[in-house]
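The next block is data-v2.cif, given as mmCIF, C-alpha atoms.
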data_target
#
loop_
_atom_site.label_atom_id
_atom_site.label_comp_id
_atom_site.auth_asym_id
_atom_site.auth_seq_id
_atom_site.Cartn_x
_atom_site.Cartn_y
_atom_site.Cartn_z
CA MET A 1 36.40 64.83 52.34
CA LYS A 2 37.42 63.61 48.87
CA PHE A 3 40.71 65.44 49.28
CA LEU A 4 41.38 63.62 52.55
CA ILE A 5 40.62 60.22 51.00
CA ALA A 6 42.82 60.99 47.98
CA LEU A 7 45.60 62.06 50.33
CA LEU A 8 45.43 58.93 52.52
CA PHE A 9 44.86 56.31 49.78
CA PRO A 10 48.52 56.01 48.68
CA PHE A 11 49.63 55.49 52.28
CA VAL A 12 47.09 52.71 52.76
CA LEU A 13 48.36 50.95 49.62
CA LEU A 14 51.99 51.31 50.67
CA SER A 15 51.30 49.95 54.14
CA CYS A 16 49.54 46.89 52.67
CA GLY A 17 52.52 46.20 50.40
CA ALA A 18 54.87 46.51 53.35
CA LYS A 19 52.80 43.97 55.32
CA VAL A 20 53.01 41.45 52.47
CA ALA A 21 56.78 41.92 52.17
CA GLN A 22 57.14 41.57 55.92
CA LYS A 23 54.92 38.47 55.86
CA MET A 24 57.10 36.79 53.22
CA GLU A 25 60.28 37.89 54.98
CA LYS A 26 59.10 36.03 58.08
CA SER A 27 58.13 32.93 56.09
CA THR A 28 60.08 29.89 55.04
CA ILE A 29 58.89 28.73 51.64
CA THR A 30 59.78 25.23 50.46
CA TYR A 31 59.07 23.86 47.00
CA GLN A 32 59.93 20.23 46.44
CA ALA A 33 59.53 17.97 43.39
CA VAL A 34 60.53 14.31 43.49
CA SER A 35 60.41 11.29 41.21
CA ARG A 36 62.64 8.25 40.72
CA GLY A 37 65.10 10.14 38.54
CA PHE A 38 64.49 13.74 39.55
CA TYR A 39 64.95 15.78 42.71
CA LEU A 40 64.45 19.48 43.30
CA LYS A 41 64.17 21.27 46.61
CA ALA A 42 64.18 25.04 46.83
CA GLN A 43 63.83 26.77 50.16
CA ILE A 44 63.44 30.54 50.34
CA GLN A 45 63.78 32.58 53.49
CA GLY A 46 64.18 36.33 53.30
CA ASN A 47 66.39 37.06 50.30
CA LYS A 48 68.23 33.73 50.44
CA MET A 49 67.43 30.59 48.47
CA SER A 50 68.83 27.18 49.29
CA LEU A 51 68.76 24.87 46.27
CA ASN A 52 69.30 21.14 46.14
CA THR A 53 69.03 19.16 42.89
CA ASP A 54 70.52 15.92 44.18
CA ARG A 55 69.38 13.77 47.08
CA THR A 56 72.91 12.89 48.12
CA SER A 57 74.64 16.27 48.04
CA ASP A 58 74.41 19.42 50.13
CA ALA A 59 72.23 22.34 49.14
CA LYS A 60 73.78 25.43 47.58
CA ASP A 61 72.84 28.88 48.83
CA TYR A 62 72.01 31.82 46.57
CA VAL A 63 70.93 35.41 47.08
CA VAL A 64 67.67 36.32 45.35
CA SER A 65 67.93 39.58 43.42
CA ASP A 66 65.86 42.56 44.54
CA LEU A 67 63.81 42.45 41.33
CA ASP A 68 63.02 38.74 41.71
CA LEU A 69 62.30 39.21 45.41
CA LYS A 70 59.83 42.01 44.67
CA GLU A 71 58.03 39.83 42.13
CA LEU A 72 57.95 36.92 44.59
CA ASN A 73 56.55 39.23 47.29
CA ASP A 74 53.79 40.42 44.94
CA LEU A 75 52.84 36.85 44.01
CA TYR A 76 53.05 35.69 47.63
CA GLY A 77 50.59 38.40 48.61
CA LYS A 78 47.96 36.83 46.35
CA ILE A 79 48.10 33.46 48.11
CA ASN A 80 45.63 32.60 50.85
CA LEU A 81 47.73 30.39 53.12
CA LYS A 82 44.70 28.97 54.93
CA GLU A 83 43.29 27.61 51.66
CA ILE A 84 46.53 26.28 50.16
CA GLU A 85 45.77 22.71 51.23
CA ILE A 86 42.47 22.55 49.34
CA TYR A 87 43.80 23.67 45.95
CA LYS A 88 43.32 20.89 43.40
CA ALA A 89 45.95 19.77 40.92
CA PRO A 90 44.86 20.24 37.30
CA THR A 91 46.54 17.04 36.06
CA GLU A 92 47.45 13.62 37.47
CA LYS A 93 50.56 12.53 35.57
CA ARG A 94 52.38 11.97 38.86
CA PHE A 95 50.19 8.90 39.48
CA TYR A 96 51.87 6.96 36.67
CA ASP A 97 55.40 8.44 36.68
CA GLY A 98 54.48 10.96 33.99
CA ALA A 99 55.65 13.84 36.19
CA ALA A 100 57.48 14.39 39.45
CA ILE A 101 55.31 14.84 42.54
CA ALA A 102 55.59 18.42 43.76
CA ASN A 103 54.32 20.33 46.76
CA LEU A 104 54.60 23.74 48.36
CA THR A 105 55.03 24.30 52.08
CA VAL A 106 54.96 27.70 53.77
CA ASP A 107 55.97 28.05 57.41
CA TYR A 108 54.70 31.31 58.87
CA GLN A 109 54.41 32.32 62.53
CA GLY A 110 54.70 28.80 63.87
CA GLN A 111 52.11 27.44 61.43
CA SER A 112 52.87 25.18 58.50
CA TYR A 113 50.70 25.38 55.38
CA SER A 114 51.16 22.61 52.79
CA SER A 115 49.61 22.05 49.41
CA GLN A 116 48.38 18.70 48.17
CA GLY A 117 50.71 16.92 45.78
CA PHE A 118 50.61 18.11 42.17
CA ASP A 119 52.54 17.54 38.95
CA HIS A 120 55.85 19.38 38.73
CA GLY A 121 55.39 21.87 35.91
CA ASN A 122 51.62 22.01 36.29
CA PRO A 123 50.66 23.45 39.72
CA PRO A 124 47.15 24.40 40.87
CA ALA A 125 45.94 27.60 39.22
CA GLU A 126 45.71 29.52 42.50
CA ILE A 127 49.45 29.19 43.17
CA ALA A 128 50.73 28.63 39.62
CA ASP A 129 52.37 32.04 39.13
CA PHE A 130 54.17 31.81 42.48
CA ILE A 131 55.37 28.25 41.84
CA ASN A 132 56.47 29.08 38.30
CA LYS A 133 58.52 32.02 39.61
CA ILE A 134 60.24 29.77 42.16
CA VAL A 135 61.00 27.17 39.49
CA ALA A 136 62.35 29.90 37.20
CA LEU A 137 64.71 31.01 39.99
CA THR A 138 66.04 27.47 40.30
CA GLU A 139 66.91 27.46 36.60
CA LYS A 140 69.05 30.63 36.72
#

Written as structure tokens, that's how I'd like the structure from this file.
Amino acid sequence: MKFLIALLFPFVLLSCGAKVAQKMEKSTITYQAVSRGFYLKAQIQGNKMSLNTDRTSDAKDYVVSDLDLKELNDLYGKINLKEIEIYKAPTEKRFYDGAAIANLTVDYQGQSYSSQGFDHGNPPAEIADFINKIVALTEK
């Protein structure tokens, strides 16, 4: 019996990883941060990222590297989409123009999941690693 469990365990882990990758592949992820003098909108779908840093110009498209995409997939798998709207922002600088107002929206299977507004550069702890990876991709 132990042999059978040891034999099947790696396949179970691989199939879970494939489901997360497939889940992200079918999602449209949008991160947006806005203030009076700052604008950032990054939209990721599959291995493509559309980036806009100016309200008046068109977005530029980029291909996300396989390494970055794998890391994004891993971080995405840790997010509970149904709870994303209840995550609390750790700071409130956006209320007095101390930081841009940011939010994360994930569209998956006809459903849209949006976070509450939070300070750009200081996201809720539950999604911080994922947000920070997206922001890092916009800076490349």

Check: What gap, in Å, lies between atom CA of A:Asn80 and atom CA of A:Val64?
Finding: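 Separating atom CA of A:Asn80 from atom CA of A:Val64 is a distance of 23.0 Å.
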
Notebook entry, point to check: Taking all atoms listed in the file into account, which of A:Tyr31, A:Tyr62, A:Tyr76, A:Phe118 comes nearest A:Ala99?
Noted result: A:Phe118

To test the calculation: enclose all listed atoms of stretch 69-81 of chain A in a box whose edges run along x, y and z, add 4 Å on each side, then state centre and edge lengths in Å to one decimal, as AutoDock Vina command-line options.
--center_x 54.0 --center_y 36.2 --center_z 47.6 --size_x 24.7 --size_y 19.6 --size_z 19.0

Note to self: Residue by residue, what does the PyMOL selection byres ((chain A and resi 125) around 9) grab here? Present the result as an MDAnalysis selection string.
What the structure shows: chainID A and resid 87:90 122:124 126:129

Next item on the list: Determine the nearest neighbour of A:Phe95 from the options A:His120, A:Val135, A:Asn52, A:Leu40, counting all atoms listed in the file.
Entry: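 Comparing A:His120, A:Val135, A:Asn52, A:Leu40 against A:Phe95, the winner is A:His120.
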
Next item on the list: Given the file shown, enumerate the residues that the PyMOL selection byres ((chain A and resi 114) around 7) captures and present them as a PyMOL selection string.
Entry: chain A and resi 84-85+104-106+112-113+115-116

Next item on the list: Find, counting all atoms listed in the file, the residue in A:Lys78, A:Gln111, A:Ile134, A:Asp66 that gets nearest to A:Lys41.
Entry: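 Closest candidate: A:Ile134.
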
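Between A:Tyr96 and the candidates A:Asp119, A:Gln45, A:Met24, A:Lys133, the tightest atom-to-atom separation, counting only C-alpha atoms, involves A:Asp119.
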
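For the pair atom CA of A:Leu75 and atom CA of A:Ile29, the separation is 12.7 Å.
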
Next item on the list: Counting all atoms listed in the file, figure out which residue out of A:Ile131, A:Leu69, A:Ala102, A:Leu137 gets nearest to A:Tyr39.
Entry: A:Ala102

Check: So which one's closest to A:Gly37, A:Gly77, A:Gly110, A:Gly98, A:Gly117? Using all atoms listed in the file, please.
Finding: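 With all atoms listed in the file as the atom set, the closest residue is A:Gly98.
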
Note to self: Set the distance at 9 Å and use all atoms listed in the file: which residues neighbour A:Gln43 once local chain neighbours fewer than 3 positions away are removed? I'd like the list as a ChimeraX atom specification.
What the structure shows: /A:28-32,48-52

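Between atom CA of A:Phe38 and atom CA of A:Thr91 the interatomic distance comes to 18.6 Å.
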